[in-house]
Each structure stands twice: as C-alpha cells, then as structure tokens.
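*Asks:* I have a structure here, written as structure tokens, and I will follow up with some questions on it.
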Amino acid sequence: MATLHTVNKSPFMTQTLLSCINHAKDGDAILMIEDGVYGGMAGTGLSDAVAAKAASLNICVLTEDLEARGLDAGRLVEGVSAVGYDGFVDLVAETDRTQAWL
Amino acid sequence: MSDTKKFLYVNRRAPYGTIYALESLEVVLIGAAFEQDVSLAFLDDGVFQLTKGQKTDGLGVKNFSPTFRALGDYDVTKLYVEKESLEERGLSEADLQEIMYEDEDDDWEEKPSIRIVSRAEMVDIMSDQDVVLSF
Amino acid sequence: MASYDVNGTAVEHDEEGYITNLSDWSKDLAQVIADAENIQMTDEHWAVVNFLREYYDEYQIAPAVRVLIKAIKKSMGPDVGNNKYMYELFPYGPAKQACKIAGLPKPTGCV
C-alpha cells in the first residue's frame with residue numbers, strides 16, 4: 001500500500017519537501033517535479049535530509065524539469081534517481097494513491 | 001455501500017493569505033453530496049484555519065471559520081489536526097474552535113469532530129486512503 | 001442592474017434574482033421576492049425562510065437541500081420535513097428558491 005508523493009515547490013522557498021519527507025512511509029515514492037527538482041540537488045542545505053531518506057524511500061526527480069533548469073542527473077544526491085515522463089507514469093501505476101504536496 | 005471510498009482532504013495553508021483554504025472547504029461541502037467516507041487533515045500552516053476568534057470585518061472578506069461547524073450536518077465528522085504542527089506554531093488544542101457533530105448512531109449525542117493526532121498517526125491516516133486531495 | 005421595489009425603495013439583485021447586498025433583506029422584501037416567484041407565503045414557507053437565515057447567520061453558508069430537509073424534519077416533523085412537501089412549497093427547489101426569498105446567496109454546489 002504505497003503512496004506516490006509529488007513535490008512541485010522549491011525547498012528553499014517553502015517547507016513542503018520537508019513536510020512531505022516527514023509524512024512519507026517507508027516504501028513510498030517521492031517524485032520532485034517543477035521547482036521541486038531543486039530539492040534533489042547535492043551540496044545544498046537540504047541534501048543531508050534527503051540523503052538520509054534515500055534508502056527507505058524511492059526518491060526521484062523528473063528529468064525534463066531538471067534539464068529545463070540547466071541541471072543534470074550528475075548533480076543529484078546519491079540515491080536519488082532521475083526519471084522521465086514514462087517513469088512518472090510507472091510510479092503512478094505502481095502505487096496505490098498519489099498525494100500532491102502543493 | 002460497497003463503492004464508498006475513503007477521501008482525505010489535506011489542508012496545509014493558512015486561511016486568508018491565499019484562496020486555498022476556502023476552496024478546500026467548498027469542495028468538501030460540494031463533495032459531501034457523494035456520500036463518501038470523508039476525513040480532513042490539518043497540518044503545517046493548515047492548523048491556522050481552525051483557530052477560534054477569527055474576525056475578518058476589517059479585511060472585507062468573508063469569515064469562513066464558522067462554516068467548519070456546519071460540517072457535521074454534512075456527515076463530515078473527522079477533522080484530524082496534527083499535534084506537532086500546532087506546537088511548532090505555538091498553538092494548542094485550546095486555541096482551536098470547538099467543532100461538534102451529532103452522532104446519529106449514538107442517540108444524537110454531541111461529540112467533538114476535531115481529533116488531535118501525532119505526526120506518526122497522521123502518516124498512517126494518509127496511507128489509509130483511497131483518494132488524497134491537497135490544498 | 002435590476003432591482004426589486006420594496007415600498008418605493010429599490011433593492012438590487014443579480015440576473016437570477018438573488019439580492020446583491022445581504023443586509024438589504026427585510027420581511028417586506030421577502031414578500032416582494034415571493035410574489036415575483038409566484039409563491040404564496042404560508043407559515044411553513046416562513047419557517048423554512050427563517051431557518052435558512054438562522055443557519056446562514058450561524059455558519060455563513062446556505063445549507064444543501066439534504067441538510068435543510070433533515071433540519072426541518074427535526075424541528076417541524078416529517079410531514080413538512082420531506083422532499084415532496086418541500087418541493088410543493090418551493091417548486092423550483094427548496095434550497096434555490098427559498099434562499100432567494102431569504103436573501104441569501106445561491107447555495108454552494110447549486111448550479
């Protein structure tokens with residue numbers, strides 16, 4: 001009974017990513033989209049918090065949103081993976097519900 | 001009814017700075033016509049929606065906080081409020097308005113709709129739903 | 001903008017007949033709106049209108065029909081508090097038409 005959480009806000013503007021991480025259950029997936037993708041970057045003030053959850057959660061970043069912002073998968077926190085729109089669809093299909101963190 | 005689903009409305013924003021809180025409440029009221037198993041979650045700034053003593057005359061906008069007290073009439077009787085979110089904002093249950101419903105199955109006894117839950121309990125409530133709607 | 005004439009005073013309403021300024025309401029106005037709706041106001045009509053006004057005052061919304069009928073049933077008994085009788089009182093819908101006479105906005109979820 002896993003949940004897919006989506007986060008679309010920059011973690012440097014709102015607490016949304018942290019709140020999401022704190023409400024995700026082991027085995028859940030988090031997909032960062034739109035400005036949310038900045039939350040997946042290594043070397044930020046939040047990288048440690050994300051890395052600490054990378055083992056128990058499936059944390060992903062949407063490739064198209066990364067690329068649009070001049071970032072690539074090489075800049076991501078270890079354990080965070082980049083997925084495309086097809087991967088997004090797979091995540092929705094694999095989980096029991098989707099919770100959008102707005 | 002076998003096709004009843006569990007709906008959770010997640011409220012994470014304060015009441016008047018944006019339209020989200022009011023929109024959420026309106027969707028809950030309209031959605032109540034579908035007679036599903038509805039719960040509301042209040043966490044992060046969403047807990048500010050339930051504070052008592054709201055007075056919006058000076059702003060010239062509608063004070064919709066009394067409308068939460070009508071939810072019982074719409075069979076919406078589970079308002080989960082996250083304890084940690086309250087504490088982080090210097091609030092406690094005493095700062096929230098009283099919201100009651102009449103329990104049809106218990107001789108119309110008045111019962112509180114607000115249930116204070118821990119973050120861990122909130123996680124379980126969220127993962128026990130068929131549909132989660134965020135505002 | 002169109003208006004109702006209440007003893008020589010104009011009270012504005014929208015294109016569907018709901019008054020624009022909720023504080024314009026009076027019993028005389030209710031009578032004028034009822035006339036415009038072809039409704040002969042009886043004690044039962046007034047009971048529904050008064051209930052709606054009290055509900056709005058307390059909760060800041062007009063109740064859904066289901067909620068209205070449940071509440072009328074509780075206060076006035078099942079002979080009045082049922083779907084059929086309420087539609088006899090207000091043929092165009094108890095929530096919609098009674099709210100108009102009560103000077104309230106159109107109920108949430110009513111299109």
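Every chain in the structure tokens has a letter given in the order shown (A, B, ...), and although residue numbers restart at 1 in each chain, ligands are simply numbered from 1 in the order shown.
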Within chain C, find each residue whose DSSP state, derived from the backbone, is alpha helix (DSSP H), and express the selection as a VMD selection string.
*Replies:* chain C and resid 27 to 36 43 to 59 65 to 76 83 to 89 94 to 102
*Asks:* Please find the residues of chain A near chain B - the criterion being any atom within 10 Å, counting only C-alpha atoms - and write them as a list in words.
*Replies:*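 My answer is Met1, Ala2, Thr3, Gln15, Thr16, Ser19, Cys20, Asn22, His23, Ala24, Lys25, Asp28, Asp96, Arg97, Thr98, Gln99, Ala100, Trp101 and Leu102 of chain A.
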*Asks:* I'd like the interatomic distance between CA of Tyr101 in chain B and CA of Thr56 in chain B, to a tenth of an Å.
*Replies:* 25.3 Å
*Asks:* Pick out each residue of chain A that DSSP on the backbone tags as strand (DSSP E or B); I need them as number ranges by chain.
*Replies:* A: 3-7, 29-32, 41, 58-62, 76, 81-83, 97-101
*Asks:* Once you have the residues from the selection above, write them out as a PDB file, in the first residue's frame, restricted to C-alpha atoms.
*Replies:*
```pdb
ATOM      1  CA  THR A   3       1.906   6.247  -1.873  1.00  0.00           C
ATOM      2  CA  LEU A   4       3.479   8.373  -4.582  1.00  0.00           C
ATOM      3  CA  HIS A   5       4.146  11.860  -3.237  1.00  0.00           C
ATOM      4  CA  THR A   6       4.799  14.670  -5.687  1.00  0.00           C
ATOM      5  CA  VAL A   7       6.525  17.899  -4.658  1.00  0.00           C
ATOM      6  CA  ALA A  29       7.990   7.127  -3.564  1.00  0.00           C
ATOM      7  CA  ILE A  30       8.678  10.855  -3.768  1.00  0.00           C
ATOM      8  CA  LEU A  31       8.845  12.477  -7.186  1.00  0.00           C
ATOM      9  CA  MET A  32      10.185  16.004  -7.389  1.00  0.00           C
ATOM     10  CA  MET A  41      20.458  18.525  -5.782  1.00  0.00           C
ATOM     11  CA  ASN A  58      12.229   5.800  -3.594  1.00  0.00           C
ATOM     12  CA  ILE A  59      13.197   9.412  -4.289  1.00  0.00           C
ATOM     13  CA  CYS A  60      13.072  10.546  -7.899  1.00  0.00           C
ATOM     14  CA  VAL A  61      13.393  13.736  -9.901  1.00  0.00           C
ATOM     15  CA  LEU A  62      11.684  14.441 -13.207  1.00  0.00           C
ATOM     16  CA  LEU A  76      21.707  14.746  -7.703  1.00  0.00           C
ATOM     17  CA  SER A  81      17.316   8.935  -9.395  1.00  0.00           C
ATOM     18  CA  ALA A  82      16.137  10.815 -12.456  1.00  0.00           C
ATOM     19  CA  VAL A  83      13.047   9.545 -14.297  1.00  0.00           C
ATOM     20  CA  ARG A  97      -2.572   6.557  -4.374  1.00  0.00           C
ATOM     21  CA  THR A  98      -0.940   9.841  -5.254  1.00  0.00           C
ATOM     22  CA  GLN A  99      -0.599  12.706  -2.848  1.00  0.00           C
ATOM     23  CA  ALA A 100       0.352  16.062  -4.320  1.00  0.00           C
ATOM     24  CA  TRP A 101       2.270  18.338  -1.940  1.00  0.00           C
TER      25      TRP A 101
END
```
*Asks:* With a cut-off of 7 Å and counting only C-alpha atoms, select all residues of chain B in contact with chain C and give the selection as a ChimeraX atom specification.
*Replies:* /B:30,64,66-67,69-70,73-74
*Asks:* Let me make sure I understand: among B:Phe48, B:Phe7, B:Tyr20, B:Trp108, which one has the smallest atom-to-atom distance to Glu87 in chain B if we use only C-alpha atoms?
*Replies:*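 Distance minimum relative to Glu87 in chain B lands on B:Phe48.
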*Asks:* Show which residues sit within 12 Å of Trp25 in chain C, as a PyMOL selection string. Count only C-alpha atoms, and ignore same-chain residues fewer than 2 positions away.
*Replies:* chain C and resi 4+6+9-13+18-23+27-33+49-50+53+99-105
*Asks:* I need the residues from that last selection saved to file as a PDB file, in the first residue's frame (with N, CA and C atoms), if you can.
*Replies:*
```pdb
ATOM      1  N   TYR C   4     -35.570  44.957  -7.039  1.00  0.00           N
ATOM      2  CA  TYR C   4     -36.925  44.780  -6.518  1.00  0.00           C
ATOM      3  C   TYR C   4     -37.388  46.124  -5.970  1.00  0.00           C
ATOM      4  N   VAL C   6     -39.332  47.708  -3.038  1.00  0.00           N
ATOM      5  CA  VAL C   6     -39.902  47.445  -1.714  1.00  0.00           C
ATOM      6  C   VAL C   6     -40.416  48.763  -1.139  1.00  0.00           C
ATOM      7  N   THR C   9     -38.517  51.670  -2.350  1.00  0.00           N
ATOM      8  CA  THR C   9     -37.054  51.583  -2.300  1.00  0.00           C
ATOM      9  C   THR C   9     -36.570  50.464  -3.229  1.00  0.00           C
ATOM     10  N   ALA C  10     -35.541  50.787  -4.007  1.00  0.00           N
ATOM     11  CA  ALA C  10     -35.001  49.792  -4.931  1.00  0.00           C
ATOM     12  C   ALA C  10     -33.961  48.921  -4.225  1.00  0.00           C
ATOM     13  N   VAL C  11     -34.114  47.601  -4.352  1.00  0.00           N
ATOM     14  CA  VAL C  11     -33.130  46.666  -3.791  1.00  0.00           C
ATOM     15  C   VAL C  11     -32.539  45.858  -4.936  1.00  0.00           C
ATOM     16  N   GLU C  12     -31.235  46.028  -5.150  1.00  0.00           N
ATOM     17  CA  GLU C  12     -30.569  45.404  -6.299  1.00  0.00           C
ATOM     18  C   GLU C  12     -30.519  43.881  -6.198  1.00  0.00           C
ATOM     19  N   HIS C  13     -30.681  43.252  -7.346  1.00  0.00           N
ATOM     20  CA  HIS C  13     -30.478  41.799  -7.390  1.00  0.00           C
ATOM     21  C   HIS C  13     -29.704  41.420  -8.643  1.00  0.00           C
ATOM     22  N   TYR C  18     -31.150  36.900  -7.051  1.00  0.00           N
ATOM     23  CA  TYR C  18     -30.586  36.901  -5.685  1.00  0.00           C
ATOM     24  C   TYR C  18     -30.138  38.317  -5.344  1.00  0.00           C
ATOM     25  N   ILE C  19     -30.466  38.793  -4.144  1.00  0.00           N
ATOM     26  CA  ILE C  19     -30.106  40.173  -3.833  1.00  0.00           C
ATOM     27  C   ILE C  19     -28.595  40.306  -3.696  1.00  0.00           C
ATOM     28  N   THR C  20     -28.102  41.470  -4.068  1.00  0.00           N
ATOM     29  CA  THR C  20     -26.665  41.705  -4.142  1.00  0.00           C
ATOM     30  C   THR C  20     -26.076  41.971  -2.765  1.00  0.00           C
ATOM     31  N   ASN C  21     -26.809  42.731  -1.966  1.00  0.00           N
ATOM     32  CA  ASN C  21     -26.300  43.098  -0.651  1.00  0.00           C
ATOM     33  C   ASN C  21     -27.162  42.416   0.421  1.00  0.00           C
ATOM     34  N   LEU C  22     -26.576  41.440   1.111  1.00  0.00           N
ATOM     35  CA  LEU C  22     -27.360  40.589   2.020  1.00  0.00           C
ATOM     36  C   LEU C  22     -28.047  41.386   3.125  1.00  0.00           C
ATOM     37  N   SER C  23     -27.477  42.541   3.472  1.00  0.00           N
ATOM     38  CA  SER C  23     -28.058  43.315   4.564  1.00  0.00           C
ATOM     39  C   SER C  23     -29.293  44.111   4.108  1.00  0.00           C
ATOM     40  N   LYS C  27     -38.530  41.544   5.838  1.00  0.00           N
ATOM     41  CA  LYS C  27     -39.701  40.682   5.589  1.00  0.00           C
ATOM     42  C   LYS C  27     -40.502  41.190   4.388  1.00  0.00           C
ATOM     43  N   ASP C  28     -40.561  42.526   4.269  1.00  0.00           N
ATOM     44  CA  ASP C  28     -41.273  43.095   3.122  1.00  0.00           C
ATOM     45  C   ASP C  28     -40.603  42.683   1.816  1.00  0.00           C
ATOM     46  N   LEU C  29     -39.266  42.722   1.824  1.00  0.00           N
ATOM     47  CA  LEU C  29     -38.537  42.315   0.621  1.00  0.00           C
ATOM     48  C   LEU C  29     -38.825  40.849   0.309  1.00  0.00           C
ATOM     49  N   ALA C  30     -38.820  40.009   1.333  1.00  0.00           N
ATOM     50  CA  ALA C  30     -39.090  38.581   1.133  1.00  0.00           C
ATOM     51  C   ALA C  30     -40.437  38.400   0.443  1.00  0.00           C
ATOM     52  N   GLN C  31     -41.404  39.190   0.873  1.00  0.00           N
ATOM     53  CA  GLN C  31     -42.742  39.115   0.282  1.00  0.00           C
ATOM     54  C   GLN C  31     -42.702  39.512  -1.193  1.00  0.00           C
ATOM     55  N   VAL C  32     -41.916  40.551  -1.487  1.00  0.00           N
ATOM     56  CA  VAL C  32     -41.796  41.013  -2.875  1.00  0.00           C
ATOM     57  C   VAL C  32     -41.142  39.936  -3.749  1.00  0.00           C
ATOM     58  N   ILE C  33     -40.067  39.320  -3.218  1.00  0.00           N
ATOM     59  CA  ILE C  33     -39.380  38.268  -3.996  1.00  0.00           C
ATOM     60  C   ILE C  33     -40.329  37.085  -4.196  1.00  0.00           C
ATOM     61  N   VAL C  49     -37.794  29.811   5.490  1.00  0.00           N
ATOM     62  CA  VAL C  49     -37.006  31.025   5.257  1.00  0.00           C
ATOM     63  C   VAL C  49     -36.271  31.445   6.535  1.00  0.00           C
ATOM     64  N   ASN C  50     -36.975  31.420   7.651  1.00  0.00           N
ATOM     65  CA  ASN C  50     -36.331  31.790   8.917  1.00  0.00           C
ATOM     66  C   ASN C  50     -35.222  30.822   9.288  1.00  0.00           C
ATOM     67  N   ARG C  53     -32.172  31.646   7.222  1.00  0.00           N
ATOM     68  CA  ARG C  53     -31.485  32.854   7.678  1.00  0.00           C
ATOM     69  C   ARG C  53     -30.685  32.597   8.955  1.00  0.00           C
ATOM     70  N   CYS C  99     -33.775  30.160  -0.635  1.00  0.00           N
ATOM     71  CA  CYS C  99     -32.608  31.006  -0.362  1.00  0.00           C
ATOM     72  C   CYS C  99     -32.789  32.384  -0.982  1.00  0.00           C
ATOM     73  N   LYS C 100     -33.370  32.402  -2.157  1.00  0.00           N
ATOM     74  CA  LYS C 100     -33.585  33.678  -2.828  1.00  0.00           C
ATOM     75  C   LYS C 100     -34.515  34.551  -1.992  1.00  0.00           C
ATOM     76  N   ILE C 101     -35.601  33.950  -1.503  1.00  0.00           N
ATOM     77  CA  ILE C 101     -36.569  34.695  -0.693  1.00  0.00           C
ATOM     78  C   ILE C 101     -35.948  35.090   0.652  1.00  0.00           C
ATOM     79  N   ALA C 102     -35.069  34.234   1.149  1.00  0.00           N
ATOM     80  CA  ALA C 102     -34.417  34.516   2.431  1.00  0.00           C
ATOM     81  C   ALA C 102     -33.285  35.537   2.293  1.00  0.00           C
ATOM     82  N   GLY C 103     -33.000  35.933   1.070  1.00  0.00           N
ATOM     83  CA  GLY C 103     -31.972  36.945   0.851  1.00  0.00           C
ATOM     84  C   GLY C 103     -30.552  36.426   0.970  1.00  0.00           C
ATOM     85  N   LEU C 104     -30.381  35.113   0.751  1.00  0.00           N
ATOM     86  CA  LEU C 104     -29.053  34.508   0.865  1.00  0.00           C
ATOM     87  C   LEU C 104     -28.460  34.278  -0.521  1.00  0.00           C
ATOM     88  N   PRO C 105     -27.144  34.081  -0.576  1.00  0.00           N
ATOM     89  CA  PRO C 105     -26.553  33.733  -1.866  1.00  0.00           C
ATOM     90  C   PRO C 105     -27.025  32.339  -2.288  1.00  0.00           C
TER      91      PRO C 105
END
```
*Asks:* Which distance in Å separates CA of Glu34 in chain A and CA of Thr63 in chain A, to one decimal?
*Replies:*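 We find that CA of Glu34 in chain A and CA of Thr63 in chain A lie 10.0 Å from each other.
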*Asks:* Mind giving me the straight-line distance from CA of Asp26 in chain A to CA of Ala52 in chain A in Å, one decimal?
*Replies:*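 These atoms are spaced 12.2 Å apart.
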*Asks:* Can you tell me, as a list in words, what residues are no more than 12 Å from Asp3 in chain B when counting only C-alpha atoms, ignoring any on the same chain fewer than 6 positions away?
*Replies:*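 Here the qualifying residues turn out to be Phe34, Glu35, Gln36, Asp37 and Asp130 of chain B.
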*Asks:* For range 75-92 of chain C, please output as number ranges by chain all residues within 8 Å (counting only C-alpha atoms; exclusion window: fewer than 6 positions along the same chain).
*Replies:* C: 39, 44-45, 69, 98
*Asks:* Residues of the last selection are to be written out with N, CA and C atoms, as a PDB file, in the first residue's frame.
*Replies:*
```pdb
ATOM      1  N   ILE C  39     -45.020  32.718  -5.406  1.00  0.00           N
ATOM      2  CA  ILE C  39     -45.174  31.890  -4.205  1.00  0.00           C
ATOM      3  C   ILE C  39     -46.025  32.628  -3.186  1.00  0.00           C
ATOM      4  N   GLU C  44     -45.485  27.742   6.838  1.00  0.00           N
ATOM      5  CA  GLU C  44     -44.423  26.770   6.524  1.00  0.00           C
ATOM      6  C   GLU C  44     -43.316  27.432   5.686  1.00  0.00           C
ATOM      7  N   HIS C  45     -43.734  28.233   4.726  1.00  0.00           N
ATOM      8  CA  HIS C  45     -42.728  28.949   3.925  1.00  0.00           C
ATOM      9  C   HIS C  45     -41.847  29.813   4.830  1.00  0.00           C
ATOM     10  N   ILE C  69     -33.558  19.755   4.645  1.00  0.00           N
ATOM     11  CA  ILE C  69     -34.718  18.876   4.890  1.00  0.00           C
ATOM     12  C   ILE C  69     -34.551  18.102   6.191  1.00  0.00           C
ATOM     13  N   ALA C  98     -35.980  29.087  -1.907  1.00  0.00           N
ATOM     14  CA  ALA C  98     -36.139  29.584  -0.538  1.00  0.00           C
ATOM     15  C   ALA C  98     -34.967  30.490  -0.160  1.00  0.00           C
TER      16      ALA C  98
END
```
